[in-house]
Structure formats: C-alpha cells, structure tokens
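**Q** Input: one structure, supplied below.
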Amino acid sequence: MSEVDARIRGISPRSLVKVYNERGAVICAADVSPLLAPGVVKSFEASAEYNMVIINGERVEIGGCMNTLTPSRSQIKRASSMSPNSCLVQVESWQPEGRRVGP
C-alpha cells in the first residue's frame, strides 16, 4: 500500500493488516511502498494455501489467499476471461484480541 495510506491507518511495514470486502477477509503482512499511488493496494500473488479460521469472532483467511476477495465472474460474456485481477478492498491494522504490539 502507499506510504500515505499506511500513515493515515497507522500501518508500518510488515505489520499485520486485515484486507477485506464483502466477499471475505484476509490477514497478511503489510508491504508499504512509495511506488503505489494513494488509494491503491497490490498483492504480489495469492497463496495456494487456503486456511480459514475464526479469530476475534470473525471468519478470516490467514494463509494469504487473496483470491478470497476477488470475483469469480468472467470479464466479458461469451469468452474465457477471468476477472480476479482487481477488486475493491479496505485495509486496516489488525491484531488478535488480547495481544498488544509494543510497550
């Protein structure tokens, strides 16, 4: 994510974040970069591991499977084209209940 977005959300590099939308939520480490424009997040790849668990009473994926958040529809009708290359998400700092980071 962009440095601007990370600063606004109190997110530092490699801190745990929840990336989510109406399809689900994924817990992963933040990658803060000056190369991304504000409002844009990027995932290098999705994990082949799908590990859905319940944490803090919420169902989240912790294996890094970003495809959990992407649509399953085709880009266009009558063609074989996937649309999971982009989706709208929100990102927030995350830590499991009862755990504190820092002093």
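Scheme for the structure tokens: letters A, B, ... for chains in order shown; per-chain residue numbers from 1; ligand numbers from 1 in order shown.
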Determine, counting only C-alpha atoms, which protein, DNA and RNA residues have an atom within 7 Å of an atom of Asn51 in chain A; residues of the same chain fewer than 3 positions away are not included. Present the result as a PyMOL selection string.

**A** chain A and resi 61-63

**Q** Among chain A, which residues carry a DSSP assignment of strand (DSSP E or B), reported as a ChimeraX atom specification?

**A** /A:2,16-21,24-29,33,52-55,58-61,74,82,90-93

**Q** DSSP says helix (DSSP H, G or I) for which residues of chain A? Put them as a VMD selection string?

**A** chain A and resid 3 to 9 66 to 69

**Q** Determine, counting only C-alpha atoms, which protein, DNA and RNA residues have an atom within 12 Å of an atom of Ser43 in chain A; residues of the same chain fewer than 5 positions away are not included. Present the result as number ranges by chain.

**A** A: 1, 19, 26, 28-33, 36, 64-67, 69-70, 84-87, 89

**Q** Put those residues in a file: N, CA and C atoms, as a CSV table (one decimal), in the first residue's frame.

**A**
chain,number,residue,atom,x,y,z
A,1,MET,N,0.8,-1.2,0.0
A,1,MET,CA,0.0,0.0,0.0
A,1,MET,C,0.9,1.2,0.0
A,19,VAL,N,-7.2,-7.2,5.2
A,19,VAL,CA,-7.6,-6.8,3.8
A,19,VAL,C,-9.0,-7.4,3.6
A,26,VAL,N,-8.8,-11.3,4.7
A,26,VAL,CA,-7.5,-12.0,4.7
A,26,VAL,C,-6.6,-11.2,5.6
A,28,CYS,N,-2.8,-10.5,6.6
A,28,CYS,CA,-1.4,-10.7,5.9
A,28,CYS,C,-0.5,-9.6,6.4
A,29,ALA,N,0.7,-9.6,6.0
A,29,ALA,CA,1.7,-8.6,6.4
A,29,ALA,C,1.7,-7.4,5.4
A,30,ALA,N,1.8,-6.2,5.9
A,30,ALA,CA,1.7,-5.0,5.0
A,30,ALA,C,3.0,-4.8,4.3
A,31,ASP,N,2.9,-4.4,3.1
A,31,ASP,CA,4.1,-4.0,2.3
A,31,ASP,C,3.9,-2.6,1.9
A,32,VAL,N,4.6,-1.7,2.6
A,32,VAL,CA,4.4,-0.2,2.4
A,32,VAL,C,5.4,0.2,1.3
A,33,SER,N,4.9,0.9,0.3
A,33,SER,CA,5.8,1.3,-0.8
A,33,SER,C,5.6,2.7,-1.3
A,36,LEU,N,3.4,3.0,-5.0
A,36,LEU,CA,2.0,2.9,-5.2
A,36,LEU,C,1.3,4.3,-4.9
A,64,GLY,N,-3.0,-16.3,3.3
A,64,GLY,CA,-2.6,-15.4,2.2
A,64,GLY,C,-3.3,-15.6,0.9
A,65,CYS,N,-4.5,-16.2,0.9
A,65,CYS,CA,-5.2,-16.5,-0.3
A,65,CYS,C,-6.1,-15.2,-0.7
A,66,MET,N,-5.5,-14.3,-1.4
A,66,MET,CA,-6.1,-13.0,-1.8
A,66,MET,C,-7.3,-13.3,-2.7
A,67,ASN,N,-7.3,-14.4,-3.4
A,67,ASN,CA,-8.4,-14.7,-4.3
A,67,ASN,C,-9.7,-14.9,-3.6
A,69,LEU,N,-11.0,-12.6,-2.0
A,69,LEU,CA,-11.6,-11.3,-2.1
A,69,LEU,C,-12.0,-10.9,-3.5
A,70,THR,N,-11.6,-11.8,-4.5
A,70,THR,CA,-11.9,-11.4,-5.9
A,70,THR,C,-13.1,-12.1,-6.4
A,84,PRO,N,-10.5,-11.9,-11.8
A,84,PRO,CA,-10.0,-11.8,-10.4
A,84,PRO,C,-8.7,-11.0,-10.3
A,85,ASN,N,-8.4,-10.2,-11.3
A,85,ASN,CA,-7.2,-9.4,-11.3
A,85,ASN,C,-7.3,-8.1,-10.5
A,86,SER,N,-8.6,-7.7,-10.2
A,86,SER,CA,-8.8,-6.5,-9.4
A,86,SER,C,-10.1,-6.6,-8.7
A,87,CYS,N,-10.1,-5.9,-7.5
A,87,CYS,CA,-11.3,-5.8,-6.8
A,87,CYS,C,-11.2,-4.6,-5.8
A,89,VAL,N,-11.2,-3.2,-2.0
A,89,VAL,CA,-10.9,-3.7,-0.7
A,89,VAL,C,-10.7,-2.5,0.3

**Q** For each of A:Pro34, A:Pro13, A:Pro71, A:Ile27, take the minimum atom-to-atom distance to Tyr50 in chain A, counting only C-alpha atoms, then give the residue where this is smallest.

**A**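 When distances to Tyr50 in chain A are compared using only C-alpha atoms, the smallest one comes from A:Ile27.
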
**Q** In Å, how far is it from CA of Arg9 in chain A to CA of Val41 in chain A?

**A**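 Interatomic distance, CA of Arg9 in chain A to CA of Val41 in chain A: 13.2 Å.
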
**Q** Restricting the calculation to only C-alpha atoms, which member of A:Thr68, A:Pro38, A:Val53, A:Val17 is positioned closest to Asp5 in chain A?

**A**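 Using only C-alpha atoms, Asp5 in chain A sits closest to A:Pro38.
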
**Q** Pick out the closest residue to Trp94 in chain A from this set: A:Ala25, A:Ala37, A:Val4, A:Ile76. Count only C-alpha atoms.

**A** A:Ala25
